[in-house]
>>> print(open('start.cif').read())   # mmCIF, C-alpha atoms
data_structure
#
loop_
_atom_site.group_PDB
_atom_site.id
_atom_site.type_symbol
_atom_site.label_atom_id
_atom_site.label_comp_id
_atom_site.auth_asym_id
_atom_site.auth_seq_id
_atom_site.Cartn_x
_atom_site.Cartn_y
_atom_site.Cartn_z
ATOM 1 C CA MET X 1 78.156 146.814 86.864
ATOM 2 C CA SER X 2 76.049 143.761 87.586
ATOM 3 C CA ALA X 3 73.148 142.785 85.387
ATOM 4 C CA GLY X 4 71.047 142.737 88.507
ATOM 5 C CA GLY X 5 68.633 145.411 87.381
ATOM 6 C CA ASP X 6 67.830 143.860 83.994
ATOM 7 C CA LEU X 7 67.791 140.356 85.348
ATOM 8 C CA LEU X 8 65.435 141.335 88.136
ATOM 9 C CA ASP X 9 63.008 142.950 85.715
ATOM 10 C CA GLU X 10 62.914 139.802 83.596
ATOM 11 C CA THR X 11 62.571 137.716 86.732
ATOM 12 C CA ALA X 12 59.698 139.757 88.071
ATOM 13 C CA ALA X 13 57.923 139.588 84.719
ATOM 14 C CA ARG X 14 58.503 135.838 84.572
ATOM 15 C CA HIS X 15 57.021 135.097 87.956
ATOM 16 C CA LEU X 16 54.442 137.798 88.674
ATOM 17 C CA ARG X 17 50.976 136.423 88.863
ATOM 18 C CA GLU X 18 47.658 137.713 90.071
ATOM 19 C CA PRO X 19 46.857 139.631 92.165
ATOM 20 C CA TRP X 20 50.320 141.127 92.310
ATOM 21 C CA ASP X 21 50.393 141.997 88.649
ATOM 22 C CA GLN X 22 47.211 144.051 88.922
ATOM 23 C CA LEU X 23 47.877 146.238 91.911
ATOM 24 C CA ARG X 24 49.598 148.915 89.818
ATOM 25 C CA LEU X 25 52.792 148.666 91.849
ATOM 26 C CA ALA X 26 56.253 148.909 90.374
ATOM 27 C CA GLU X 27 57.269 145.422 89.175
ATOM 28 C CA GLY X 28 60.168 145.136 91.558
ATOM 29 C CA ARG X 29 58.017 145.971 94.581
ATOM 30 C CA ALA X 30 55.145 143.744 93.453
ATOM 31 C CA PHE X 31 57.530 140.822 93.045
ATOM 32 C CA ALA X 32 59.072 141.384 96.462
ATOM 33 C CA LEU X 33 55.580 141.333 97.962
ATOM 34 C CA GLN X 34 54.726 138.158 96.039
ATOM 35 C CA ARG X 35 57.814 136.426 97.375
ATOM 36 C CA ALA X 36 56.996 137.517 100.906
ATOM 37 C CA GLY X 37 53.445 136.259 100.440
ATOM 38 C CA ALA X 38 54.666 132.879 99.224
ATOM 39 C CA THR X 39 56.937 132.467 102.253
ATOM 40 C CA PHE X 40 54.172 133.516 104.632
ATOM 41 C CA GLY X 41 51.705 131.154 102.961
ATOM 42 C CA ILE X 42 53.921 128.099 103.153
ATOM 43 C CA TRP X 43 54.632 128.749 106.828
ATOM 44 C CA ILE X 44 50.885 128.864 107.535
ATOM 45 C CA PHE X 45 50.583 125.537 105.735
ATOM 46 C CA ILE X 46 53.512 124.167 107.747
ATOM 47 C CA ALA X 47 51.815 125.320 110.963
ATOM 48 C CA SER X 48 48.725 123.341 109.960
ATOM 49 C CA GLU X 49 50.889 120.309 109.218
ATOM 50 C CA VAL X 50 52.485 120.685 112.662
ATOM 51 C CA LEU X 51 49.019 120.124 114.087
ATOM 52 C CA PHE X 52 48.370 117.212 111.734
ATOM 53 C CA PHE X 53 51.512 115.377 112.791
ATOM 54 C CA GLY X 54 51.151 116.752 116.301
ATOM 55 C CA ALA X 55 47.953 114.788 116.781
ATOM 56 C CA LEU X 56 49.793 111.659 115.687
ATOM 57 C CA PHE X 57 52.667 112.377 118.057
ATOM 58 C CA LEU X 58 50.236 113.047 120.876
ATOM 59 C CA LEU X 59 48.737 109.615 120.253
ATOM 60 C CA TYR X 60 52.192 108.106 120.617
ATOM 61 C CA THR X 61 52.827 110.088 123.793
ATOM 62 C CA ALA X 62 49.584 109.001 125.450
ATOM 63 C CA MET X 63 50.035 105.349 124.454
ATOM 64 C CA ARG X 64 53.656 105.271 125.578
ATOM 65 C CA LEU X 65 52.771 106.823 128.951
ATOM 66 C CA GLU X 66 50.144 104.139 129.474
ATOM 67 C CA HIS X 67 52.191 101.180 128.182
ATOM 68 C CA ALA X 68 55.784 102.214 128.879
ATOM 69 C CA ALA X 69 57.274 98.735 129.284
ATOM 70 C CA ASP X 70 55.565 97.233 126.236
ATOM 71 C CA PHE X 71 56.556 100.201 124.085
ATOM 72 C CA ALA X 72 60.172 99.828 125.146
ATOM 73 C CA ALA X 73 60.039 96.126 124.279
ATOM 74 C CA ALA X 74 58.524 96.868 120.880
ATOM 75 C CA ALA X 75 60.924 99.692 120.061
ATOM 76 C CA ARG X 76 63.816 97.318 120.581
ATOM 77 C CA GLU X 77 62.633 95.419 117.512
ATOM 78 C CA THR X 78 63.056 98.284 115.073
ATOM 79 C CA ASN X 79 66.206 98.307 112.960
ATOM 80 C CA ILE X 80 68.365 101.039 114.439
ATOM 81 C CA VAL X 81 70.926 100.846 111.646
ATOM 82 C CA TYR X 82 68.338 101.589 108.962
ATOM 83 C CA GLY X 83 66.717 104.233 111.165
ATOM 84 C CA THR X 84 69.927 106.095 111.937
ATOM 85 C CA LEU X 85 71.109 105.863 108.334
ATOM 86 C CA ASN X 86 67.805 107.299 107.165
ATOM 87 C CA THR X 87 68.061 110.148 109.648
ATOM 88 C CA ALA X 88 71.544 110.997 108.402
ATOM 89 C CA LEU X 89 70.321 110.883 104.781
ATOM 90 C CA LEU X 90 67.472 113.265 105.514
ATOM 91 C CA LEU X 91 69.641 115.668 107.507
ATOM 92 C CA THR X 92 72.049 115.816 104.560
ATOM 93 C CA SER X 93 69.185 116.368 102.153
ATOM 94 C CA GLY X 94 68.076 119.230 104.389
ATOM 95 C CA LEU X 95 71.520 120.787 104.003
ATOM 96 C CA CYS X 96 71.267 120.514 100.210
ATOM 97 C CA ALA X 97 67.759 121.985 100.247
ATOM 98 C CA ALA X 98 68.861 124.942 102.357
ATOM 99 C CA ILE X 99 71.808 125.615 100.041
ATOM 100 C CA ALA X 100 69.632 125.299 96.933
ATOM 101 C CA SER X 101 67.183 127.802 98.363
ATOM 102 C CA GLN X 102 69.868 130.346 99.162
ATOM 103 C CA ALA X 103 71.787 129.782 95.935
ATOM 104 C CA SER X 104 68.660 130.380 93.863
ATOM 105 C CA GLU X 105 68.516 133.905 95.240
ATOM 106 C CA ARG X 106 71.948 134.921 94.016
ATOM 107 C CA GLU X 107 73.151 135.538 90.497
ATOM 108 C CA GLY X 108 75.650 133.179 88.972
ATOM 109 C CA LEU X 109 74.827 130.204 91.210
ATOM 110 C CA ARG X 110 72.535 128.384 88.800
ATOM 111 C CA ARG X 111 74.705 125.245 88.657
ATOM 112 C CA LEU X 112 74.984 125.113 92.427
ATOM 113 C CA THR X 113 71.217 125.436 92.739
ATOM 114 C CA LEU X 114 70.596 122.642 90.253
ATOM 115 C CA TRP X 115 73.160 120.330 91.821
ATOM 116 C CA CYS X 116 71.738 120.876 95.281
ATOM 117 C CA LEU X 117 68.184 120.297 94.092
ATOM 118 C CA ALA X 118 69.277 117.074 92.393
ATOM 119 C CA LEU X 119 71.100 115.931 95.542
ATOM 120 C CA THR X 120 68.078 116.757 97.669
ATOM 121 C CA ALA X 121 65.832 114.601 95.508
ATOM 122 C CA GLY X 122 68.486 111.885 95.264
ATOM 123 C CA LEU X 123 68.942 111.664 99.021
ATOM 124 C CA GLY X 124 65.159 111.590 99.437
ATOM 125 C CA LEU X 125 64.987 108.675 97.027
ATOM 126 C CA ALA X 126 67.797 106.937 98.913
ATOM 127 C CA PHE X 127 65.717 107.302 102.069
ATOM 128 C CA MET X 128 62.784 105.644 100.341
ATOM 129 C CA VAL X 129 64.980 102.736 99.204
ATOM 130 C CA VAL X 130 66.277 102.163 102.736
ATOM 131 C CA LYS X 131 62.713 102.428 104.073
ATOM 132 C CA GLY X 132 61.622 99.816 101.555
ATOM 133 C CA LEU X 133 64.369 97.453 102.683
ATOM 134 C CA GLU X 134 63.391 98.072 106.285
ATOM 135 C CA TYR X 135 59.701 97.443 105.569
ATOM 136 C CA ARG X 136 60.578 94.179 103.865
ATOM 137 C CA GLU X 137 62.577 93.064 106.866
ATOM 138 C CA ASP X 138 59.787 94.087 109.256
ATOM 139 C CA ILE X 139 57.263 92.080 107.266
ATOM 140 C CA GLU X 140 59.528 89.026 107.207
ATOM 141 C CA ARG X 141 59.873 89.317 110.978
ATOM 142 C CA HIS X 142 56.083 89.469 111.359
ATOM 143 C CA LEU X 143 56.095 92.926 112.907
ATOM 144 C CA VAL X 144 52.789 93.814 111.243
ATOM 145 C CA PRO X 145 49.926 94.067 113.763
ATOM 146 C CA GLY X 146 47.276 91.399 113.442
ATOM 147 C CA ALA X 147 47.181 87.643 113.432
ATOM 148 C CA GLY X 148 50.664 86.166 113.544
ATOM 149 C CA PHE X 149 52.252 89.210 115.145
ATOM 150 C CA ALA X 150 55.708 88.364 116.430
ATOM 151 C CA LEU X 151 55.622 89.826 119.936
ATOM 152 C CA LYS X 152 53.422 88.571 122.733
ATOM 153 C CA GLU X 153 52.849 91.661 124.877
ATOM 154 C CA ARG X 154 49.586 93.211 123.686
ATOM 155 C CA ALA X 155 50.569 96.871 123.609
ATOM 156 C CA THR X 156 53.495 96.097 121.305
ATOM 157 C CA GLN X 157 50.908 95.895 118.534
ATOM 158 C CA LEU X 158 49.896 99.474 119.370
ATOM 159 C CA PHE X 159 53.506 100.540 118.938
ATOM 160 C CA PHE X 160 53.805 98.862 115.578
ATOM 161 C CA GLY X 161 50.448 100.192 114.468
ATOM 162 C CA PHE X 162 51.852 103.626 115.158
ATOM 163 C CA TYR X 163 55.128 102.706 113.442
ATOM 164 C CA TRP X 164 53.496 101.676 110.168
ATOM 165 C CA LEU X 165 51.030 104.576 110.203
ATOM 166 C CA SER X 166 53.527 107.322 110.983
ATOM 167 C CA THR X 167 56.282 106.097 108.666
ATOM 168 C CA ALA X 168 53.794 105.615 105.814
ATOM 169 C CA ILE X 169 52.364 109.115 106.227
ATOM 170 C CA HIS X 170 55.888 110.531 106.435
ATOM 171 C CA ALA X 171 56.845 108.615 103.281
ATOM 172 C CA ILE X 172 53.849 110.071 101.461
ATOM 173 C CA HIS X 173 54.917 113.578 102.486
ATOM 174 C CA LEU X 174 58.475 112.827 101.415
ATOM 175 C CA SER X 175 57.263 111.594 98.019
ATOM 176 C CA ILE X 176 55.368 114.829 97.519
ATOM 177 C CA GLY X 177 58.558 116.696 98.384
ATOM 178 C CA ILE X 178 60.596 114.666 95.908
ATOM 179 C CA GLY X 179 57.974 115.378 93.260
ATOM 180 C CA LEU X 180 58.148 119.114 93.980
ATOM 181 C CA VAL X 181 61.936 119.119 93.665
ATOM 182 C CA LEU X 182 61.949 117.096 90.442
ATOM 183 C CA ARG X 183 59.333 119.439 89.022
ATOM 184 C CA LEU X 184 61.583 122.444 89.769
ATOM 185 C CA ILE X 185 64.513 120.782 88.002
ATOM 186 C CA TRP X 186 62.291 120.004 85.023
ATOM 187 C CA LYS X 187 60.994 123.590 84.864
ATOM 188 C CA GLU X 188 64.547 124.917 84.838
ATOM 189 C CA TRP X 189 65.468 122.524 82.065
ATOM 190 C CA ARG X 190 62.473 123.687 80.019
ATOM 191 C CA ALA X 191 63.094 127.403 80.649
ATOM 192 C CA PRO X 192 66.626 128.191 81.889
ATOM 193 C CA GLY X 193 66.572 131.033 84.373
ATOM 194 C CA PHE X 194 63.303 129.882 85.917
ATOM 195 C CA LEU X 195 64.880 129.091 89.277
ATOM 196 C CA PHE X 196 66.498 132.491 89.813
ATOM 197 C CA GLU X 197 64.658 134.180 92.662
ATOM 198 C CA SER X 198 61.651 131.946 92.046
ATOM 199 C CA PRO X 199 59.274 131.884 95.023
ATOM 200 C CA GLN X 200 58.566 128.250 94.116
ATOM 201 C CA VAL X 201 62.073 127.214 95.154
ATOM 202 C CA GLU X 202 61.697 128.807 98.586
ATOM 203 C CA VAL X 203 58.290 127.166 99.063
ATOM 204 C CA ALA X 204 59.481 123.701 98.021
ATOM 205 C CA MET X 205 62.611 123.921 100.168
ATOM 206 C CA LEU X 206 60.652 125.032 103.235
ATOM 207 C CA TYR X 207 58.279 122.096 102.716
ATOM 208 C CA TRP X 208 61.308 119.814 102.515
ATOM 209 C CA GLY X 209 62.747 121.259 105.715
ATOM 210 C CA PHE X 210 59.470 120.520 107.453
ATOM 211 C CA VAL X 211 59.423 116.884 106.277
ATOM 212 C CA ASP X 212 62.972 116.697 107.653
ATOM 213 C CA MET X 213 61.808 118.047 111.022
ATOM 214 C CA ILE X 214 59.048 115.439 111.212
ATOM 215 C CA TRP X 215 61.545 112.633 110.821
ATOM 216 C CA ILE X 216 63.895 114.247 113.371
ATOM 217 C CA VAL X 217 61.122 113.875 115.968
ATOM 218 C CA LEU X 218 59.975 110.466 114.712
ATOM 219 C CA TYR X 219 63.452 108.949 114.993
ATOM 220 C CA PRO X 220 63.733 108.914 118.815
ATOM 221 C CA MET X 221 60.100 107.798 119.071
ATOM 222 C CA LEU X 222 60.586 104.733 116.901
ATOM 223 C CA TYR X 223 64.222 103.780 117.301
ATOM 224 C CA LEU X 224 65.755 105.015 120.530
ATOM 225 C CA ASP X 225 63.387 103.621 123.156
ATOM 226 C CA GLY X 226 64.200 100.501 125.129
ATOM 227 C CA ARG X 227 67.792 100.230 123.969
ATOM 228 C CA GLY X 228 68.952 99.178 127.391
ATOM 229 C CA GLY X 229 70.273 102.492 128.655
ATOM 230 C CA MET H 1 82.887 139.435 88.386
ATOM 231 C CA SER H 2 83.096 135.670 88.595
ATOM 232 C CA GLY H 3 84.705 136.062 92.030
ATOM 233 C CA ARG H 4 81.489 137.321 93.629
ATOM 234 C CA PRO H 5 79.278 134.269 92.998
ATOM 235 C CA ARG H 6 82.125 132.035 94.176
ATOM 236 C CA LYS H 7 82.486 133.913 97.461
ATOM 237 C CA ALA H 8 78.737 133.951 97.965
ATOM 238 C CA ALA H 9 78.621 130.195 97.343
ATOM 239 C CA ASP H 10 81.427 129.602 99.840
ATOM 240 C CA GLY H 11 79.570 131.599 102.469
ATOM 241 C CA ILE H 12 76.403 129.619 101.917
ATOM 242 C CA TRP H 13 78.291 126.323 102.088
ATOM 243 C CA LEU H 14 80.162 127.259 105.246
ATOM 244 C CA ARG H 15 77.077 128.159 107.228
ATOM 245 C CA GLY H 16 75.245 125.112 105.921
ATOM 246 C CA LEU H 17 78.052 122.684 106.719
ATOM 247 C CA VAL H 18 78.431 123.997 110.270
ATOM 248 C CA VAL H 19 74.727 123.420 110.944
ATOM 249 C CA TRP H 20 74.853 119.997 109.263
ATOM 250 C CA ALA H 21 77.853 118.961 111.372
ATOM 251 C CA LEU H 22 76.004 120.030 114.512
ATOM 252 C CA LEU H 23 72.934 118.060 113.458
ATOM 253 C CA LEU H 24 74.953 114.900 112.833
ATOM 254 C CA ALA H 25 76.830 115.341 116.122
ATOM 255 C CA LEU H 26 73.491 115.578 117.937
ATOM 256 C CA LEU H 27 72.319 112.461 116.093
ATOM 257 C CA GLY H 28 75.402 110.614 117.330
ATOM 258 C CA ALA H 29 74.833 111.906 120.850
ATOM 259 C CA SER H 30 71.242 110.666 120.874
ATOM 260 C CA LEU H 31 72.381 107.240 119.683
ATOM 261 C CA VAL H 32 74.973 107.057 122.471
ATOM 262 C CA ALA H 33 72.463 108.300 125.033
ATOM 263 C CA ALA H 34 69.948 105.630 124.041
ATOM 264 C CA TYR H 35 72.442 102.921 124.936
ATOM 265 C CA ALA H 36 74.438 104.504 127.720
ATOM 266 C CA VAL H 37 72.133 106.685 129.778
ATOM 267 C CA PRO H 38 70.010 105.028 132.505
ATOM 268 C CA ALA H 39 66.333 104.492 131.774
ATOM 269 C CA PRO H 40 64.393 107.412 133.260
ATOM 270 C CA TRP H 41 66.593 109.964 131.514
ATOM 271 C CA THR H 42 66.975 108.636 127.979
ATOM 272 C CA ALA H 43 63.573 109.837 126.757
ATOM 273 C CA ALA H 44 64.094 113.347 128.122
ATOM 274 C CA ILE H 45 67.583 113.571 126.633
ATOM 275 C CA ASN H 46 66.649 112.135 123.260
ATOM 276 C CA PHE H 47 63.536 114.230 122.778
ATOM 277 C CA GLY H 48 65.470 117.254 123.984
ATOM 278 C CA ILE H 49 68.092 116.508 121.340
ATOM 279 C CA ALA H 50 65.360 116.086 118.720
ATOM 280 C CA ALA H 51 63.822 119.420 119.705
ATOM 281 C CA THR H 52 67.250 121.062 119.407
ATOM 282 C CA GLN H 53 67.792 119.545 115.970
ATOM 283 C CA ALA H 54 64.331 120.663 114.860
ATOM 284 C CA GLY H 55 65.107 124.140 116.158
ATOM 285 C CA LEU H 56 68.373 124.264 114.211
ATOM 286 C CA VAL H 57 66.600 123.173 111.032
ATOM 287 C CA ALA H 58 63.803 125.710 111.517
ATOM 288 C CA LEU H 59 66.029 128.635 112.448
ATOM 289 C CA LEU H 60 69.042 128.061 110.234
ATOM 290 C CA PHE H 61 68.017 125.824 107.317
ATOM 291 C CA MET H 62 64.512 127.211 106.986
ATOM 292 C CA ARG H 63 65.833 130.683 107.820
ATOM 293 C CA LEU H 64 63.428 131.726 110.513
ATOM 294 C CA ASP H 65 66.285 133.679 112.056
ATOM 295 C CA ARG H 66 66.136 136.129 109.157
ATOM 296 C CA ALA H 67 62.430 135.991 108.444
ATOM 297 C CA ASP H 68 60.116 138.901 108.987
ATOM 298 C CA ALA H 69 57.830 139.126 111.987
ATOM 299 C CA LEU H 70 54.713 137.868 110.216
ATOM 300 C CA VAL H 71 56.419 134.649 109.130
ATOM 301 C CA ARG H 72 57.805 134.018 112.596
ATOM 302 C CA LEU H 73 54.350 134.614 114.044
ATOM 303 C CA ALA H 74 52.863 132.017 111.681
ATOM 304 C CA ALA H 75 55.505 129.500 112.730
ATOM 305 C CA ALA H 76 54.973 130.299 116.407
ATOM 306 C CA CYS H 77 51.222 129.816 116.038
ATOM 307 C CA GLY H 78 51.761 126.223 114.962
ATOM 308 C CA LEU H 79 53.712 125.562 118.124
ATOM 309 C CA PHE H 80 51.192 127.448 120.247
ATOM 310 C CA TRP H 81 48.241 125.353 119.104
ATOM 311 C CA LEU H 82 50.339 122.207 119.409
ATOM 312 C CA ALA H 83 51.057 123.177 123.004
ATOM 313 C CA ILE H 84 47.333 123.555 123.726
ATOM 314 C CA LEU H 85 46.682 120.147 122.168
ATOM 315 C CA PHE H 86 49.358 118.444 124.215
ATOM 316 C CA VAL H 87 48.705 120.167 127.509
ATOM 317 C CA LEU H 88 44.950 119.646 127.542
ATOM 318 C CA THR H 89 45.141 116.006 126.486
ATOM 319 C CA LEU H 90 47.980 115.104 128.787
ATOM 320 C CA THR H 91 46.235 116.612 131.825
ATOM 321 C CA ASP H 92 43.717 113.836 131.297
ATOM 322 C CA THR H 93 46.199 111.046 130.541
ATOM 323 C CA LEU H 94 48.621 111.908 133.313
ATOM 324 C CA SER H 95 45.967 112.392 135.982
ATOM 325 C CA ARG H 96 44.406 109.028 135.097
ATOM 326 C CA LEU H 97 47.801 107.404 135.459
ATOM 327 C CA ALA H 98 48.450 109.199 138.726
ATOM 328 C CA ASN H 99 45.102 108.167 140.162
ATOM 329 C CA SER H 100 45.139 104.551 139.007
#
>>> encode(input="start.cif", output="structure tokens")
Amino acid sequence: MSAGGDLLDETAARHLREPWDQLRLAEGRAFALQRAGATFGIWIFIASEVLFFGALFLLYTAMRLEHAADFAAAARETNIVYGTLNTALLLTSGLCAAIASQASEREGLRRLTLWCLALTAGLGLAFMVVKGLEYREDIERHLVPGAGFALKERATQLFFGFYWLSTAIHAIHLSIGIGLVLRLIWKEWRAPGFLFESPQVEVAMLYWGFVDMIWIVLYPMLYLDGRGG
Amino acid sequence: MSGRPRKAADGIWLRGLVVWALLLALLGASLVAAYAVPAPWTAAINFGIAATQAGLVALLFMRLDRADALVRLAAACGLFWLAILFVLTLTDTLSRLANS
């Protein structure tokens, strides 16, 4: 009854690329293998990114262990309202990304997929706006390490060095994610039906989920220390 | 025929919203803990909450709970090497602190 068979054949033909198209497998099977390969590949990339950010987080851990009091004093100066708002924005964008990914795998959910992709990108952009406001405030309060730094304890500069470095690198990753999502929306607009079962949606949404996870760990590091508990 | 996509969409939304609500509740809990819990415990609680949130995102949003074994192995490898990195470095840092 469903058009699943025909739609799947078109889908496989639309997305199959080398080497899957040359292995002389049935199209359906080749496409299933390609999708599995894409998921596996992005998780390997994510594992490498875990180590990339892990080194950064290890730096924070070692510095905080050695300068616990100064780090608590410095962390008090971050804007917890902006930080918590940003965390909530990213968690919501993660919800939209997860729904977009699952919706793209089912027939008849094209509008839902597009809406959720648009919301994901929109919430990511909202995060960047809030981050920009926060950066401006931090600069006005002289929380940039170097001459004229606002706090007198020396290791507080280490904390803020880490703050600027880690949030900037996270923002770069988030921008890449926003670009990936916007590209998917554009591809669907150019060729309707592109998103259905596309491995590119799964890959982009997994990348987004990872950027979300990075911020989830960064939030307590930067905002929740030294709050007088 | 149009009923099936609608029901599928509702199922996707329901699961997603439950996880999202849990994530936001944990966020609220970490905020409260930062202000209300006495000093030695706040870091443990807040990073524990963060690890739980990351686990929820990985398992339920990024669908590791339904992934095949190879994918889960790749994800686990990231954590494994991270563990080596942390353990080896912190043996140095912590023993210096203990001996100083």
>>> closest_atom_pairs(input="start.cif", of="chain X", to="chain H", cutoff="8 Å", atoms="only C-alpha atoms", output="JSON lines")
{"residue": "X:Thr39", "atom": "CA", "partner": "H:Val71", "partner_atom": "CA", "distance": 7.2}
{"residue": "X:Phe40", "atom": "CA", "partner": "H:Val71", "partner_atom": "CA", "distance": 5.2}
{"residue": "X:Trp43", "atom": "CA", "partner": "H:Ala75", "partner_atom": "CA", "distance": 6.0}
{"residue": "X:Ile44", "atom": "CA", "partner": "H:Ala74", "partner_atom": "CA", "distance": 5.6}
{"residue": "X:Ile46", "atom": "CA", "partner": "H:Ala75", "partner_atom": "CA", "distance": 7.6}
{"residue": "X:Ala47", "atom": "CA", "partner": "H:Gly78", "partner_atom": "CA", "distance": 4.1}
{"residue": "X:Ser48", "atom": "CA", "partner": "H:Gly78", "partner_atom": "CA", "distance": 6.5}
{"residue": "X:Val50", "atom": "CA", "partner": "H:Gly78", "partner_atom": "CA", "distance": 6.0}
{"residue": "X:Leu51", "atom": "CA", "partner": "H:Leu82", "partner_atom": "CA", "distance": 5.9}
{"residue": "X:Gly54", "atom": "CA", "partner": "H:Leu82", "partner_atom": "CA", "distance": 6.3}
{"residue": "X:Ala55", "atom": "CA", "partner": "H:Leu85", "partner_atom": "CA", "distance": 7.7}
{"residue": "X:Leu58", "atom": "CA", "partner": "H:Phe86", "partner_atom": "CA", "distance": 6.4}
{"residue": "X:Ala62", "atom": "CA", "partner": "H:Thr93", "partner_atom": "CA", "distance": 6.4}
{"residue": "X:Leu65", "atom": "CA", "partner": "H:Leu94", "partner_atom": "CA", "distance": 7.9}
{"residue": "X:Glu66", "atom": "CA", "partner": "H:Leu97", "partner_atom": "CA", "distance": 7.2}
{"residue": "X:Thr84", "atom": "CA", "partner": "H:Leu27", "partner_atom": "CA", "distance": 8.0}
{"residue": "X:Ala88", "atom": "CA", "partner": "H:Leu24", "partner_atom": "CA", "distance": 6.8}
{"residue": "X:Leu91", "atom": "CA", "partner": "H:Trp20", "partner_atom": "CA", "distance": 7.0}
{"residue": "X:Thr92", "atom": "CA", "partner": "H:Trp20", "partner_atom": "CA", "distance": 6.9}
{"residue": "X:Gly94", "atom": "CA", "partner": "H:Phe61", "partner_atom": "CA", "distance": 7.2}
{"residue": "X:Leu95", "atom": "CA", "partner": "H:Gly16", "partner_atom": "CA", "distance": 6.0}
{"residue": "X:Ala98", "atom": "CA", "partner": "H:Phe61", "partner_atom": "CA", "distance": 5.1}
{"residue": "X:Ile99", "atom": "CA", "partner": "H:Ile12", "partner_atom": "CA", "distance": 6.4}
{"residue": "X:Gln102", "atom": "CA", "partner": "H:Ile12", "partner_atom": "CA", "distance": 7.1}
{"residue": "X:Ala103", "atom": "CA", "partner": "H:Ala9", "partner_atom": "CA", "distance": 7.0}
{"residue": "X:Arg106", "atom": "CA", "partner": "H:Pro5", "partner_atom": "CA", "distance": 7.4}
{"residue": "X:Glu107", "atom": "CA", "partner": "H:Pro5", "partner_atom": "CA", "distance": 6.7}
{"residue": "X:Gly108", "atom": "CA", "partner": "H:Pro5", "partner_atom": "CA", "distance": 5.5}
{"residue": "X:Leu109", "atom": "CA", "partner": "H:Pro5", "partner_atom": "CA", "distance": 6.3}
{"residue": "X:Leu112", "atom": "CA", "partner": "H:Ala9", "partner_atom": "CA", "distance": 8.0}
{"residue": "X:Met205", "atom": "CA", "partner": "H:Met62", "partner_atom": "CA", "distance": 7.8}
{"residue": "X:Leu206", "atom": "CA", "partner": "H:Met62", "partner_atom": "CA", "distance": 5.8}
{"residue": "X:Gly209", "atom": "CA", "partner": "H:Met62", "partner_atom": "CA", "distance": 6.3}
{"residue": "X:Phe210", "atom": "CA", "partner": "H:Ala58", "partner_atom": "CA", "distance": 7.9}
{"residue": "X:Met213", "atom": "CA", "partner": "H:Ala54", "partner_atom": "CA", "distance": 5.3}
{"residue": "X:Ile216", "atom": "CA", "partner": "H:Ala50", "partner_atom": "CA", "distance": 5.8}
{"residue": "X:Val217", "atom": "CA", "partner": "H:Ala50", "partner_atom": "CA", "distance": 5.5}
{"residue": "X:Pro220", "atom": "CA", "partner": "H:Asn46", "partner_atom": "CA", "distance": 6.2}
{"residue": "X:Leu224", "atom": "CA", "partner": "H:Ala34", "partner_atom": "CA", "distance": 5.5}
{"residue": "X:Asp225", "atom": "CA", "partner": "H:Ala34", "partner_atom": "CA", "distance": 6.9}
{"residue": "X:Gly226", "atom": "CA", "partner": "H:Ala34", "partner_atom": "CA", "distance": 7.8}
{"residue": "X:Arg227", "atom": "CA", "partner": "H:Tyr35", "partner_atom": "CA", "distance": 5.5}
{"residue": "X:Gly228", "atom": "CA", "partner": "H:Tyr35", "partner_atom": "CA", "distance": 5.7}
{"residue": "X:Gly229", "atom": "CA", "partner": "H:Tyr35", "partner_atom": "CA", "distance": 4.3}
>>> atom_distance(input="start.cif", atom1="atom CA of X:Val203", atom2="atom CA of X:Asp21")
19.8 Å
>>> residues_around(input="start.cif", residues="stretch 148-163 of chain X", least_positions_apart="2", cutoff="9 Å", atoms="only C-alpha atoms", output="ChimeraX atom specification")
/X:56,59-60,63-64,67,69-75,141-146,165-168,222
>>> closest_residue(input="start.cif", among="X:Tyr207, X:Tyr223, X:Phe196, X:Phe45", to="X:Ala12", atoms="only C-alpha atoms")
X:Phe196
>>> axis_aligned_box(input="start.cif", around="stretch 50-64 of chain X", padding_each_side="6 Å", output="lines of an AutoDock Vina configuration file")
center_x = 50.8
center_y = 113.0
center_z = 118.7
size_x = 17.7
size_y = 27.4
size_z = 25.8
>>> atom_distance(input="start.cif", atom1="atom CA of X:His173", atom2="atom CA of X:Val81")
22.4 Å
>>> closest_residue(input="start.cif", among="X:Ala147, X:Ile185, X:Ile169, X:Met221", to="X:Leu114", atoms="only C-alpha atoms")
X:Ile185
>>> resolve_selection(input="start.cif", expression="the PyMOL selection byres ((chain X and resi 119) around 12)", output="list in words")
Leu89, Leu90, Thr92, Ser93, Gly94, Leu95, Cys96, Ala97, Ala98, Ile99, Ala100, Leu112, Thr113, Leu114, Trp115, Cys116, Leu117, Ala118, Thr120, Ala121, Gly122, Leu123, Gly124, Leu125, Ala126, Ile178, Val181, Leu182 and Ile185 of chain X
>>> closest_residue(input="start.cif", among="X:Lys131, X:Arg76, X:Arg17, X:Arg35", to="X:Ala171", atoms="all atoms listed in the file")
X:Lys131
>>> atom_distance(input="start.cif", atom1="atom CA of X:Glu202", atom2="atom CA of X:Arg183")
13.6 Å
>>> resolve_selection(input="start.cif", expression="the PyMOL selection byres ((chain X and resi 19) around 12)", output="compact mmCIF listing (two decimals) with C-alpha atoms, in the coordinates of the input")
# COMPACT_ATOMS: atom_id res chain seq x y z
CA HIS X 15 57.02 135.10 87.96
CA LEU X 16 54.44 137.80 88.67
CA ARG X 17 50.98 136.42 88.86
CA GLU X 18 47.66 137.71 90.07
CA TRP X 20 50.32 141.13 92.31
CA ASP X 21 50.39 142.00 88.65
CA GLN X 22 47.21 144.05 88.92
CA LEU X 23 47.88 146.24 91.91
CA ARG X 24 49.60 148.92 89.82
CA LEU X 25 52.79 148.67 91.85
CA ALA X 30 55.14 143.74 93.45
CA PHE X 31 57.53 140.82 93.04
CA LEU X 33 55.58 141.33 97.96
CA GLN X 34 54.73 138.16 96.04
CA GLY X 37 53.44 136.26 100.44
